[in-house]
Amino acid sequence: MKKLLLIALAALTGIPAVGETVSGDAPQKAASAAAAGGGAARTLTVEKDVLHLPIGNGARKVKLLRSSPGANLPPLDVQLVPAAKADWWAPMDVSALRGRALTFRIADPSAGGVDLLAGISAAAPEPRPRASEMRRPQFHYSQRFGWNNDPNGMVWRDGEWHFFHQHNPYGIGWGNMHWNHAVTRDFVHWTELGDALVPDASGTMFSGCGVVDRENVAGFGANALVFFYTAAGDSYSQCLASSVDGRKLVKHPGNPIIGSRSRWNRDPKVFWHAPSKAWVMVLYGDDGKNHQFWIYRSRNLKDWTPASTLVGDPLGKRDWRYECPGLEELRIEGEKGTAWVLWGAGPLYDVGDFDGFVFKPAEEKLYWVQDRGKTYYAAQTFSNAPDGRCVWIAWLMLPQERQNTFSQSYSLPMDLSLRRTKDGLRLVRRVAKELAALRKGPAVPLAQFKGELVEAHLACTPPANGVVRFDLRGIPLAYDARAKTLSVDGKTVEWPIEGNRLALRVFLDRTSIEILSEDGLLLVPKHVSPDPARRTLSATVPPGTADCDFRAYELSPIDVVPAAGLADAL
């Protein structure tokens, strides 16, 4: 206990604790184990599972080198600041190094760094309650610390939805890519499990997917979770990890399972194709001229054979068949048949047929969001979902905000299907049924609403040339019946409804709004900033508007807690 207090004191004062050595630019014996670099160094003995790094949002990044006997610890790019200037403290898992010496070094001698390294502490800071962070989404999932982007490794098993995602634990900007892990049974109550895949000698951990190996074809055990990810080093390659317990991920000693085929090949998506009795992988890459999706096949999840290639946009454009592929067989509402949908990270999808080897599009370049993809990115689905469901989550892109301990968020979970329209098969999205549990009570007329978190149902039939306007906690929303457009807080998008019957579902959180047509065919998300003090909703309709039904539910926040054993770290 005495030594722990001294280490904490060192974090606050910059004075090294007993049992540690802090060195400046001159080489010293205590820092000799550090990776090559001429900057400041600090050596300590690891006595706790977690160390905390003081982070300054907007501060200059330094390259933090780490070394410990027998360990391979890749460098990190960190906005490290003296303890007294920290905006927040990033937890670093060092449980595998307990009892061993760990040396930190600032690579750049010009960065100074003695005071930066002295701020690294074993003492956990007091966490901020999620509800107290005024720019923290409340019913959209977000990790407690750091940056997030692409959803990864999404898989259902034994009642749990496993959600992994791209994560920078050491800053609110992109970098240091890890896979962070959370689980939920109902999309309302979430448990944070920490970083499951961390950078290694092969590179940082880029995007990928997860499956359940029911037949144990990979040899990790029946119903093992098998994950595929891109190792992003000097070249990019595809790697495999497995988990028996759904908590600890073990990287395959035979990695990579697919070597580098182009400079940027990445983002494997794997699924079982029953008719052709094979596992299928869709992988993003390029041929030097065009973006491409490559289709591979495997019997054992380890050995993969190329099957076909799908060509996308020319390099330089980033909408069609670019990054983070998804290929799903979806049911057609009101029919017995199915069709396949292919998409990338951007706003476009294709509908067609897939025989296990080749995807043949019947329709190409269809937009699945009305704003042409400026807010959602890299949507992925949970594999092995129960009851034939196909549940989808996208990265919800938000501005970085300097006062936060985190950056970015995720869309609401949505069930996918197809519907046959006069224009052909089109993608349908419906917010997952589980989120109805967030409603605090029955819906009330807009004029009676006095809450913060909103689920609104807005339906009416305006006259042919009328404009219906709504004020949702200061966020303006307007539907122009003549132009068939919807304006959301200054952004106008096409809203081509039939019969002039407007029917919307609107979800308004602290930093975003998601609007869906009642039939699920139209969707627009947007970053917004409602006035925290303004809690009212209202509608203004032109003369002749009929069948008005305007009501809203007040929602509760989702519940996000750290797992047992992680609480002290966070």
# chains A, B, ... in the order shown; residues from 1 in each chain; ligands from 1
call {"tool": "closest_atom_pairs", "arguments": {"of": "region 466-567 of chain A", "to": "region 140-144 of chain A", "cutoff": "12 Å", "atoms": "only C-alpha atoms", "output": "JSON lines"}}
result
{"residue": "A:Phe507", "atom": "CA", "partner": "A:His140", "partner_atom": "CA", "distance": 10.2}
{"residue": "A:Leu508", "atom": "CA", "partner": "A:His140", "partner_atom": "CA", "distance": 10.2}
{"residue": "A:Asp509", "atom": "CA", "partner": "A:His140", "partner_atom": "CA", "distance": 7.8}
{"residue": "A:Arg510", "atom": "CA", "partner": "A:His140", "partner_atom": "CA", "distance": 9.6}
{"residue": "A:Thr511", "atom": "CA", "partner": "A:His140", "partner_atom": "CA", "distance": 9.7}
{"residue": "A:Ser512", "atom": "CA", "partner": "A:His140", "partner_atom": "CA", "distance": 9.2}
{"residue": "A:Ile513", "atom": "CA", "partner": "A:His140", "partner_atom": "CA", "distance": 10.6}
{"residue": "A:Glu514", "atom": "CA", "partner": "A:His140", "partner_atom": "CA", "distance": 10.8}
{"residue": "A:Leu555", "atom": "CA", "partner": "A:His140", "partner_atom": "CA", "distance": 11.5}
{"residue": "A:Ser556", "atom": "CA", "partner": "A:His140", "partner_atom": "CA", "distance": 11.0}
{"residue": "A:Pro557", "atom": "CA", "partner": "A:His140", "partner_atom": "CA", "distance": 8.2}
{"residue": "A:Ile558", "atom": "CA", "partner": "A:His140", "partner_atom": "CA", "distance": 7.3}
{"residue": "A:Asp559", "atom": "CA", "partner": "A:Tyr141", "partner_atom": "CA", "distance": 9.2}
{"residue": "A:Val560", "atom": "CA", "partner": "A:Tyr141", "partner_atom": "CA", "distance": 8.0}
{"residue": "A:Val561", "atom": "CA", "partner": "A:Arg144", "partner_atom": "CA", "distance": 9.2}
{"residue": "A:Pro562", "atom": "CA", "partner": "A:Arg144", "partner_atom": "CA", "distance": 9.0}
{"residue": "A:Leu566", "atom": "CA", "partner": "A:Arg144", "partner_atom": "CA", "distance": 11.9}
{"residue": "A:Ala567", "atom": "CA", "partner": "A:Arg144", "partner_atom": "CA", "distance": 11.4}
call {"tool": "select_by_dssp", "arguments": {"residues": "region 301-490 of chain A", "states": "strand (DSSP E)", "output": "compact mmCIF listing (two decimals) with N, CA, C and O atoms, in the first residue's frame"}}
result
# COMPACT_ATOMS: atom_id res chain seq x y z
N THR A 305 -9.47 -20.44 -50.52
CA THR A 305 -9.24 -20.49 -51.97
C THR A 305 -10.01 -19.38 -52.64
O THR A 305 -11.22 -19.22 -52.41
N PRO A 306 -9.36 -18.57 -53.50
CA PRO A 306 -10.09 -17.52 -54.23
C PRO A 306 -11.17 -18.11 -55.13
O PRO A 306 -10.97 -19.16 -55.76
N ALA A 307 -12.34 -17.43 -55.17
CA ALA A 307 -13.45 -17.92 -55.99
C ALA A 307 -13.87 -16.92 -57.06
O ALA A 307 -14.18 -17.32 -58.19
N SER A 308 -13.92 -15.63 -56.76
CA SER A 308 -14.37 -14.64 -57.75
C SER A 308 -14.00 -13.25 -57.28
O SER A 308 -13.56 -13.05 -56.14
N THR A 309 -14.19 -12.27 -58.18
CA THR A 309 -13.87 -10.88 -57.91
C THR A 309 -15.03 -9.99 -58.33
O THR A 309 -15.64 -10.21 -59.38
N LEU A 310 -15.34 -9.00 -57.51
CA LEU A 310 -16.36 -8.00 -57.83
C LEU A 310 -15.68 -6.64 -57.91
O LEU A 310 -14.98 -6.23 -56.97
N VAL A 311 -15.85 -5.94 -59.02
CA VAL A 311 -15.18 -4.66 -59.25
C VAL A 311 -16.07 -3.52 -58.80
O VAL A 311 -17.28 -3.50 -59.07
N GLY A 312 -15.47 -2.54 -58.12
CA GLY A 312 -16.21 -1.39 -57.63
C GLY A 312 -15.77 -0.10 -58.30
O GLY A 312 -15.34 -0.09 -59.45
N ASP A 313 -15.83 0.99 -57.55
CA ASP A 313 -15.48 2.31 -58.07
C ASP A 313 -13.99 2.38 -58.42
O ASP A 313 -13.16 1.66 -57.83
N PRO A 314 -13.60 3.28 -59.31
CA PRO A 314 -12.18 3.54 -59.53
C PRO A 314 -11.54 4.08 -58.26
O PRO A 314 -12.20 4.72 -57.42
N GLY A 326 -20.21 -6.41 -46.70
CA GLY A 326 -21.24 -7.26 -46.11
C GLY A 326 -21.96 -7.97 -47.23
O GLY A 326 -22.23 -7.38 -48.28
N LEU A 327 -22.27 -9.24 -47.04
CA LEU A 327 -23.03 -10.02 -48.02
C LEU A 327 -24.01 -10.87 -47.23
O LEU A 327 -23.60 -11.76 -46.47
N GLU A 328 -25.31 -10.59 -47.38
CA GLU A 328 -26.34 -11.24 -46.56
C GLU A 328 -27.49 -11.72 -47.42
O GLU A 328 -27.91 -11.03 -48.36
N GLU A 329 -28.03 -12.88 -47.06
CA GLU A 329 -29.27 -13.38 -47.67
C GLU A 329 -30.43 -12.90 -46.79
O GLU A 329 -30.50 -13.23 -45.60
N LEU A 330 -31.32 -12.10 -47.37
CA LEU A 330 -32.41 -11.51 -46.62
C LEU A 330 -33.76 -12.00 -47.11
O LEU A 330 -33.95 -12.22 -48.32
N ARG A 331 -34.69 -12.16 -46.20
CA ARG A 331 -36.05 -12.55 -46.56
C ARG A 331 -36.75 -11.38 -47.26
O ARG A 331 -36.47 -10.21 -46.97
N THR A 338 -36.04 -15.30 -50.95
CA THR A 338 -34.98 -14.46 -50.41
C THR A 338 -34.18 -13.88 -51.56
O THR A 338 -34.30 -14.30 -52.71
N ALA A 339 -33.35 -12.92 -51.24
CA ALA A 339 -32.39 -12.37 -52.20
C ALA A 339 -31.15 -11.96 -51.41
O ALA A 339 -31.19 -11.82 -50.18
N TRP A 340 -30.04 -11.77 -52.12
CA TRP A 340 -28.78 -11.41 -51.48
C TRP A 340 -28.52 -9.92 -51.64
O TRP A 340 -28.81 -9.33 -52.68
N VAL A 341 -27.97 -9.34 -50.59
CA VAL A 341 -27.62 -7.92 -50.59
C VAL A 341 -26.12 -7.80 -50.30
O VAL A 341 -25.61 -8.39 -49.34
N LEU A 342 -25.43 -7.04 -51.13
CA LEU A 342 -24.00 -6.79 -50.98
C LEU A 342 -23.78 -5.30 -50.72
O LEU A 342 -24.37 -4.47 -51.41
N TRP A 343 -22.96 -4.96 -49.74
CA TRP A 343 -22.65 -3.55 -49.50
C TRP A 343 -21.21 -3.40 -49.04
O TRP A 343 -20.53 -4.38 -48.69
N LEU A 348 -23.93 2.70 -50.51
CA LEU A 348 -24.53 1.97 -51.63
C LEU A 348 -24.63 0.49 -51.36
O LEU A 348 -23.79 -0.10 -50.66
N TYR A 349 -25.66 -0.14 -51.93
CA TYR A 349 -25.80 -1.60 -51.87
C TYR A 349 -26.28 -2.12 -53.21
O TYR A 349 -26.83 -1.38 -54.03
N ASP A 350 -26.05 -3.41 -53.43
CA ASP A 350 -26.51 -4.12 -54.63
C ASP A 350 -27.41 -5.26 -54.19
O ASP A 350 -27.18 -5.89 -53.15
N VAL A 351 -28.42 -5.57 -54.99
CA VAL A 351 -29.31 -6.71 -54.75
C VAL A 351 -29.10 -7.72 -55.86
O VAL A 351 -29.01 -7.35 -57.04
N GLY A 352 -29.02 -9.02 -55.50
CA GLY A 352 -28.81 -10.02 -56.54
C GLY A 352 -28.88 -11.43 -56.00
O GLY A 352 -29.54 -11.70 -54.98
N ASP A 353 -28.16 -12.35 -56.67
CA ASP A 353 -28.12 -13.76 -56.31
C ASP A 353 -26.68 -14.18 -56.02
O ASP A 353 -25.74 -13.64 -56.60
N PHE A 354 -26.54 -15.18 -55.16
CA PHE A 354 -25.22 -15.68 -54.81
C PHE A 354 -25.28 -17.19 -54.71
O PHE A 354 -26.11 -17.75 -54.00
N PHE A 359 -21.31 -13.64 -56.89
CA PHE A 359 -22.48 -12.78 -56.67
C PHE A 359 -22.85 -12.14 -58.00
O PHE A 359 -22.01 -11.51 -58.65
N LYS A 360 -24.13 -12.30 -58.40
CA LYS A 360 -24.62 -11.73 -59.65
C LYS A 360 -25.66 -10.67 -59.32
O LYS A 360 -26.78 -10.99 -58.92
N PRO A 361 -25.30 -9.39 -59.48
CA PRO A 361 -26.24 -8.32 -59.12
C PRO A 361 -27.37 -8.18 -60.13
O PRO A 361 -27.14 -8.22 -61.34
N ALA A 362 -28.58 -8.05 -59.60
CA ALA A 362 -29.73 -7.71 -60.45
C ALA A 362 -29.91 -6.20 -60.50
O ALA A 362 -30.35 -5.65 -61.51
N GLU A 363 -29.59 -5.53 -59.38
CA GLU A 363 -29.63 -4.06 -59.33
C GLU A 363 -28.40 -3.58 -58.57
O GLU A 363 -28.02 -4.17 -57.55
N GLU A 364 -27.80 -2.51 -59.06
CA GLU A 364 -26.57 -2.00 -58.47
C GLU A 364 -26.72 -0.55 -58.06
O GLU A 364 -27.57 0.18 -58.55
N LYS A 365 -25.85 -0.17 -57.13
CA LYS A 365 -25.73 1.22 -56.68
C LYS A 365 -27.06 1.81 -56.21
O LYS A 365 -27.51 2.85 -56.66
N LEU A 366 -27.68 1.11 -55.26
CA LEU A 366 -28.87 1.62 -54.58
C LEU A 366 -28.44 2.26 -53.27
O LEU A 366 -27.58 1.73 -52.57
N TYR A 367 -29.02 3.39 -52.92
CA TYR A 367 -28.67 4.08 -51.67
C TYR A 367 -29.53 3.56 -50.51
O TYR A 367 -30.76 3.49 -50.62
N TYR A 376 -23.61 7.58 -41.29
CA TYR A 376 -23.35 6.17 -41.03
C TYR A 376 -22.17 5.69 -41.86
O TYR A 376 -21.96 6.14 -43.00
N TYR A 377 -21.44 4.69 -41.32
CA TYR A 377 -20.33 4.10 -42.07
C TYR A 377 -20.06 2.70 -41.53
O TYR A 377 -20.30 2.41 -40.36
N ALA A 378 -19.58 1.83 -42.43
CA ALA A 378 -19.04 0.52 -42.06
C ALA A 378 -20.06 -0.35 -41.32
O ALA A 378 -19.71 -1.06 -40.37
N ALA A 379 -21.31 -0.35 -41.77
CA ALA A 379 -22.34 -1.16 -41.12
C ALA A 379 -22.03 -2.65 -41.24
O ALA A 379 -21.58 -3.12 -42.28
N GLN A 380 -22.26 -3.38 -40.16
CA GLN A 380 -22.07 -4.83 -40.15
C GLN A 380 -23.24 -5.49 -39.44
O GLN A 380 -24.01 -4.84 -38.73
N THR A 381 -23.37 -6.81 -39.64
CA THR A 381 -24.47 -7.57 -39.05
C THR A 381 -23.93 -8.64 -38.10
O THR A 381 -22.80 -9.08 -38.22
N VAL A 391 -29.49 -8.56 -37.82
CA VAL A 391 -29.43 -7.32 -37.04
C VAL A 391 -28.15 -6.57 -37.39
O VAL A 391 -27.06 -7.14 -37.36
N TRP A 392 -28.30 -5.31 -37.65
CA TRP A 392 -27.28 -4.47 -38.26
C TRP A 392 -26.97 -3.29 -37.34
O TRP A 392 -27.85 -2.74 -36.70
N ILE A 393 -25.68 -2.92 -37.24
CA ILE A 393 -25.26 -1.72 -36.52
C ILE A 393 -24.20 -1.01 -37.37
O ILE A 393 -23.33 -1.67 -37.96
N ALA A 394 -24.25 0.31 -37.42
CA ALA A 394 -23.27 1.10 -38.16
C ALA A 394 -22.53 2.02 -37.21
O ALA A 394 -23.02 2.37 -36.13
N TRP A 395 -21.34 2.40 -37.61
CA TRP A 395 -20.62 3.47 -36.94
C TRP A 395 -21.37 4.78 -37.17
O TRP A 395 -21.64 5.17 -38.29
N LEU A 396 -21.74 5.45 -36.09
CA LEU A 396 -22.43 6.73 -36.15
C LEU A 396 -21.38 7.83 -36.00
O LEU A 396 -20.86 8.07 -34.91
N PHE A 406 -14.35 10.39 -24.66
CA PHE A 406 -14.58 9.43 -25.74
C PHE A 406 -14.89 10.22 -27.01
O PHE A 406 -15.12 11.43 -26.98
N SER A 407 -14.95 9.50 -28.14
CA SER A 407 -15.40 10.12 -29.39
C SER A 407 -16.08 9.08 -30.25
O SER A 407 -15.63 7.94 -30.32
N SER A 409 -19.82 7.09 -31.83
CA SER A 409 -20.86 6.27 -31.24
C SER A 409 -21.33 5.27 -32.29
O SER A 409 -20.69 5.12 -33.34
N TYR A 410 -22.45 4.60 -32.02
CA TYR A 410 -23.00 3.60 -32.94
C TYR A 410 -24.49 3.83 -33.15
O TYR A 410 -25.19 4.34 -32.28
N MET A 414 -30.70 -2.39 -35.89
CA MET A 414 -31.87 -2.46 -36.77
C MET A 414 -31.94 -3.83 -37.44
O MET A 414 -30.91 -4.40 -37.83
N ASP A 415 -33.17 -4.35 -37.57
CA ASP A 415 -33.40 -5.59 -38.30
C ASP A 415 -33.53 -5.29 -39.79
O ASP A 415 -34.24 -4.35 -40.18
N LEU A 416 -32.87 -6.12 -40.61
CA LEU A 416 -32.90 -5.93 -42.06
C LEU A 416 -33.81 -6.94 -42.74
O LEU A 416 -33.90 -8.10 -42.33
N SER A 417 -34.48 -6.50 -43.80
CA SER A 417 -35.25 -7.37 -44.69
C SER A 417 -35.33 -6.66 -46.03
O SER A 417 -34.76 -5.59 -46.22
N LEU A 418 -36.04 -7.28 -46.97
CA LEU A 418 -36.26 -6.69 -48.29
C LEU A 418 -37.75 -6.57 -48.54
O LEU A 418 -38.56 -7.34 -48.01
N ARG A 419 -38.12 -5.61 -49.35
CA ARG A 419 -39.51 -5.47 -49.79
C ARG A 419 -39.52 -5.22 -51.29
O ARG A 419 -38.69 -4.48 -51.82
N ARG A 420 -40.48 -5.85 -51.95
CA ARG A 420 -40.64 -5.63 -53.39
C ARG A 420 -41.50 -4.38 -53.60
O ARG A 420 -42.64 -4.31 -53.18
N THR A 421 -40.93 -3.38 -54.23
CA THR A 421 -41.62 -2.13 -54.53
C THR A 421 -41.81 -2.01 -56.04
O THR A 421 -41.35 -2.86 -56.81
N GLY A 424 -38.52 -2.26 -57.64
CA GLY A 424 -37.71 -3.46 -57.43
C GLY A 424 -37.53 -3.73 -55.95
O GLY A 424 -38.17 -3.11 -55.09
N LEU A 425 -36.66 -4.69 -55.63
CA LEU A 425 -36.39 -5.04 -54.24
C LEU A 425 -35.59 -3.93 -53.57
O LEU A 425 -34.59 -3.45 -54.11
N ARG A 426 -36.04 -3.54 -52.38
CA ARG A 426 -35.36 -2.48 -51.65
C ARG A 426 -35.17 -2.90 -50.18
O ARG A 426 -35.97 -3.63 -49.61
N LEU A 427 -34.09 -2.37 -49.61
CA LEU A 427 -33.72 -2.69 -48.24
C LEU A 427 -34.68 -2.03 -47.24
O LEU A 427 -35.03 -0.85 -47.38
N VAL A 428 -35.08 -2.80 -46.22
CA VAL A 428 -35.96 -2.32 -45.16
C VAL A 428 -35.19 -2.38 -43.84
O VAL A 428 -34.53 -3.38 -43.54
N ARG A 429 -35.25 -1.32 -43.04
CA ARG A 429 -34.65 -1.26 -41.72
C ARG A 429 -35.72 -0.97 -40.67
O ARG A 429 -36.50 -0.04 -40.85
N ARG A 430 -35.71 -1.73 -39.60
CA ARG A 430 -36.61 -1.47 -38.47
C ARG A 430 -35.81 -1.53 -37.18
O ARG A 430 -35.04 -2.48 -36.96
N VAL A 431 -35.99 -0.53 -36.34
CA VAL A 431 -35.26 -0.49 -35.08
C VAL A 431 -35.59 -1.74 -34.27
O VAL A 431 -36.75 -2.16 -34.18
N VAL A 444 -47.41 10.05 -25.40
CA VAL A 444 -48.26 11.19 -25.09
C VAL A 444 -48.29 12.12 -26.29
O VAL A 444 -47.38 12.10 -27.14
N PRO A 445 -49.32 12.96 -26.42
CA PRO A 445 -49.32 13.97 -27.48
C PRO A 445 -48.09 14.87 -27.37
O PRO A 445 -47.56 15.09 -26.27
N VAL A 454 -36.02 11.08 -26.88
CA VAL A 454 -37.29 11.08 -27.60
C VAL A 454 -37.38 9.92 -28.59
O VAL A 454 -36.44 9.66 -29.35
N GLU A 455 -38.52 9.25 -28.58
CA GLU A 455 -38.97 8.41 -29.69
C GLU A 455 -40.32 8.95 -30.12
O GLU A 455 -41.32 8.83 -29.39
N ALA A 456 -40.37 9.59 -31.28
CA ALA A 456 -41.61 10.22 -31.75
C ALA A 456 -42.18 9.46 -32.93
O ALA A 456 -41.44 8.98 -33.80
N HIS A 457 -43.53 9.35 -32.97
CA HIS A 457 -44.26 8.78 -34.10
C HIS A 457 -45.09 9.91 -34.70
O HIS A 457 -45.98 10.46 -34.03
N LEU A 458 -44.77 10.28 -35.92
CA LEU A 458 -45.37 11.45 -36.55
C LEU A 458 -46.04 11.02 -37.85
O LEU A 458 -45.36 10.60 -38.80
N ALA A 459 -47.36 11.12 -37.91
CA ALA A 459 -48.09 10.67 -39.10
C ALA A 459 -49.21 11.65 -39.43
O ALA A 459 -49.91 12.14 -38.54
N CYS A 460 -49.36 11.95 -40.73
CA CYS A 460 -50.45 12.81 -41.20
C CYS A 460 -50.49 12.73 -42.72
O CYS A 460 -49.57 12.22 -43.36
N THR A 461 -51.58 13.28 -43.29
CA THR A 461 -51.69 13.42 -44.75
C THR A 461 -51.83 14.90 -45.07
O THR A 461 -52.90 15.48 -44.92
N VAL A 467 -46.60 22.05 -46.39
CA VAL A 467 -45.37 21.76 -45.68
C VAL A 467 -45.72 21.54 -44.20
O VAL A 467 -46.32 22.42 -43.57
N VAL A 468 -45.38 20.38 -43.69
CA VAL A 468 -45.61 20.06 -42.28
C VAL A 468 -44.30 20.31 -41.53
O VAL A 468 -43.24 19.85 -41.95
N ARG A 469 -44.40 21.03 -40.41
CA ARG A 469 -43.20 21.39 -39.66
C ARG A 469 -43.29 20.88 -38.22
O ARG A 469 -44.36 20.90 -37.61
N PHE A 470 -42.14 20.45 -37.74
CA PHE A 470 -42.04 19.99 -36.36
C PHE A 470 -40.86 20.69 -35.69
O PHE A 470 -39.86 21.03 -36.33
N ASP A 471 -41.00 20.91 -34.40
CA ASP A 471 -39.91 21.41 -33.58
C ASP A 471 -39.67 20.35 -32.49
O ASP A 471 -40.53 20.13 -31.63
N LEU A 472 -38.52 19.70 -32.56
CA LEU A 472 -38.20 18.61 -31.65
C LEU A 472 -37.05 19.06 -30.75
O LEU A 472 -35.88 18.97 -31.13
N ILE A 475 -34.83 21.25 -32.59
CA ILE A 475 -34.34 20.71 -33.86
C ILE A 475 -35.47 20.80 -34.88
O ILE A 475 -36.52 20.15 -34.70
N PRO A 476 -35.33 21.60 -35.95
CA PRO A 476 -36.41 21.73 -36.93
C PRO A 476 -36.47 20.55 -37.89
O PRO A 476 -35.44 20.05 -38.36
N LEU A 477 -37.69 20.14 -38.19
CA LEU A 477 -37.96 19.05 -39.12
C LEU A 477 -39.14 19.48 -39.99
O LEU A 477 -40.14 19.97 -39.47
N ALA A 478 -39.02 19.33 -41.31
CA ALA A 478 -40.11 19.77 -42.19
C ALA A 478 -40.23 18.82 -43.37
O ALA A 478 -39.23 18.42 -43.98
N TYR A 479 -41.49 18.47 -43.70
CA TYR A 479 -41.77 17.65 -44.88
C TYR A 479 -42.51 18.50 -45.90
O TYR A 479 -43.55 19.09 -45.60
N ASP A 480 -41.95 18.59 -47.12
CA ASP A 480 -42.54 19.34 -48.23
C ASP A 480 -43.26 18.34 -49.13
O ASP A 480 -42.61 17.55 -49.84
N THR A 485 -39.63 16.09 -50.10
CA THR A 485 -38.33 16.19 -49.43
C THR A 485 -38.56 16.34 -47.93
O THR A 485 -39.60 16.83 -47.48
N LEU A 486 -37.55 15.94 -47.19
CA LEU A 486 -37.55 16.07 -45.74
C LEU A 486 -36.34 16.91 -45.35
O LEU A 486 -35.21 16.61 -45.76
N SER A 487 -36.56 17.96 -44.59
CA SER A 487 -35.48 18.81 -44.11
C SER A 487 -35.27 18.54 -42.63
O SER A 487 -36.22 18.58 -41.84
N VAL A 488 -34.02 18.28 -42.27
CA VAL A 488 -33.66 17.93 -40.89
C VAL A 488 -32.54 18.86 -40.43
O VAL A 488 -31.40 18.73 -40.88
call {"tool": "residues_around", "arguments": {"residues": "region 294-300 of chain A", "least_positions_apart": "6", "cutoff": "8 Å", "atoms": "only C-alpha atoms", "output": "JSON, numbers by chain"}}
result
{"A": [217, 218, 277, 278, 279, 280, 281, 282, 283, 284, 285, 306, 307, 308, 309, 310, 357, 358]}
call {"tool": "atom_distance", "arguments": {"atom1": "CA of Gln238 (chain A)", "atom2": "CA of Gln292 (chain A)"}}
result
16.0 Å
call {"tool": "closest_residue", "arguments": {"among": "A:Ala552, A:Ile257, A:Met92, A:Val250", "to": "Asp195 (chain A)", "atoms": "only C-alpha atoms"}}
result
A:Met92
call {"tool": "atom_distance", "arguments": {"atom1": "CA of Leu193 (chain A)", "atom2": "CA of His181 (chain A)"}}
result
5.3 Å
call {"tool": "closest_atom_pairs", "arguments": {"of": "region 306-388 of chain A", "to": "region 145-158 of chain A", "cutoff": "6 Å", "atoms": "only C-alpha atoms", "output": "tab-separated table"}}
result
residue	atom	partner	partner_atom	distance
A:Ala378	CA	A:Asp150	CA	5.5
A:Phe382	CA	A:Met154	CA	4.6
A:Ser383	CA	A:Val155	CA	4.7
A:Asn384	CA	A:Trp156	CA	5.5
A:Ala385	CA	A:Trp156	CA	5.4
call {"tool": "write_last_selection", "arguments": {"atoms": "N, CA, C and O atoms", "output": "mmCIF file, in the first residue's frame"}}
result
data_model
loop_
_atom_site.group_PDB
_atom_site.id
_atom_site.type_symbol
_atom_site.label_atom_id
_atom_site.label_comp_id
_atom_site.auth_asym_id
_atom_site.auth_seq_id
_atom_site.Cartn_x
_atom_site.Cartn_y
_atom_site.Cartn_z
ATOM 1 N N ALA A 378 -19.575 1.835 -42.428
ATOM 2 C CA ALA A 378 -19.038 0.517 -42.056
ATOM 3 C C ALA A 378 -20.055 -0.353 -41.320
ATOM 4 O O ALA A 378 -19.711 -1.056 -40.365
ATOM 5 N N PHE A 382 -24.784 -9.050 -37.152
ATOM 6 C CA PHE A 382 -24.445 -10.134 -36.239
ATOM 7 C C PHE A 382 -24.634 -11.472 -36.953
ATOM 8 O O PHE A 382 -25.718 -11.758 -37.472
ATOM 9 N N SER A 383 -23.616 -12.302 -36.962
ATOM 10 C CA SER A 383 -23.771 -13.650 -37.501
ATOM 11 C C SER A 383 -24.457 -14.536 -36.466
ATOM 12 O O SER A 383 -24.465 -14.237 -35.263
ATOM 13 N N ASN A 384 -25.065 -15.626 -36.935
ATOM 14 C CA ASN A 384 -25.707 -16.627 -36.077
ATOM 15 C C ASN A 384 -26.875 -16.057 -35.279
ATOM 16 O O ASN A 384 -27.260 -16.611 -34.249
ATOM 17 N N ALA A 385 -27.488 -14.972 -35.738
ATOM 18 C CA ALA A 385 -28.587 -14.357 -34.992
ATOM 19 C C ALA A 385 -29.774 -15.311 -34.896
ATOM 20 O O ALA A 385 -30.058 -16.061 -35.836
#
call {"tool": "residues_around", "arguments": {"residues": "Leu53 (chain A)", "least_positions_apart": "2", "cutoff": "10 Å", "atoms": "only C-alpha atoms", "output": "ChimeraX atom specification"}}
result
/A:11,50-51,55-56,78-83,86,88-92,116-122,170
call {"tool": "atom_distance", "arguments": {"atom1": "CA of Leu435 (chain A)", "atom2": "CA of Leu412 (chain A)"}}
result
8.7 Å
call {"tool": "residues_around", "arguments": {"residues": "region 232-235 of chain A", "least_positions_apart": "6", "cutoff": "6 Å", "atoms": "only C-alpha atoms", "output": "JSON, numbers by chain"}}
result
{"A": [202, 203, 204]}
call {"tool": "write_last_selection", "arguments": {"atoms": "N, CA and C atoms", "output": "PDB file, in the first residue's frame"}}
result
ATOM      1  N   SER A 202       2.620  -8.037 -35.821  1.00  0.00           N
ATOM      2  CA  SER A 202       2.064  -8.056 -37.183  1.00  0.00           C
ATOM      3  C   SER A 202       1.374  -6.747 -37.539  1.00  0.00           C
ATOM      4  N   GLY A 203       1.118  -5.879 -36.547  1.00  0.00           N
ATOM      5  CA  GLY A 203       0.484  -4.597 -36.815  1.00  0.00           C
ATOM      6  C   GLY A 203      -0.650  -4.313 -35.858  1.00  0.00           C
ATOM      7  N   THR A 204      -1.401  -3.260 -36.163  1.00  0.00           N
ATOM      8  CA  THR A 204      -2.582  -2.931 -35.375  1.00  0.00           C
ATOM      9  C   THR A 204      -3.755  -3.782 -35.838  1.00  0.00           C
TER      10      THR A 204
END
call {"tool": "closest_residue", "arguments": {"among": "A:His178, A:Lys422, A:Arg266, A:Lys526", "to": "Val369 (chain A)", "atoms": "only C-alpha atoms"}}
result
A:Lys526
call {"tool": "closest_residue", "arguments": {"among": "A:Glu133, A:Glu452, A:Asp77, A:Asp387", "to": "Leu65 (chain A)", "atoms": "only C-alpha atoms"}}
result
A:Asp77
call {"tool": "residues_around", "arguments": {"residues": "Arg534 (chain A)", "least_positions_apart": "2", "cutoff": "8 Å", "atoms": "only C-alpha atoms", "output": "PyMOL selection string"}}
result
chain A and resi 473-474+530-532+536
call {"tool": "residues_around", "arguments": {"residues": "Leu249 (chain A)", "least_positions_apart": "3", "cutoff": "9 Å", "atoms": "only C-alpha atoms", "output": "VMD selection string"}}
result
chain A and resid 196 to 197 225 to 227 241 to 246
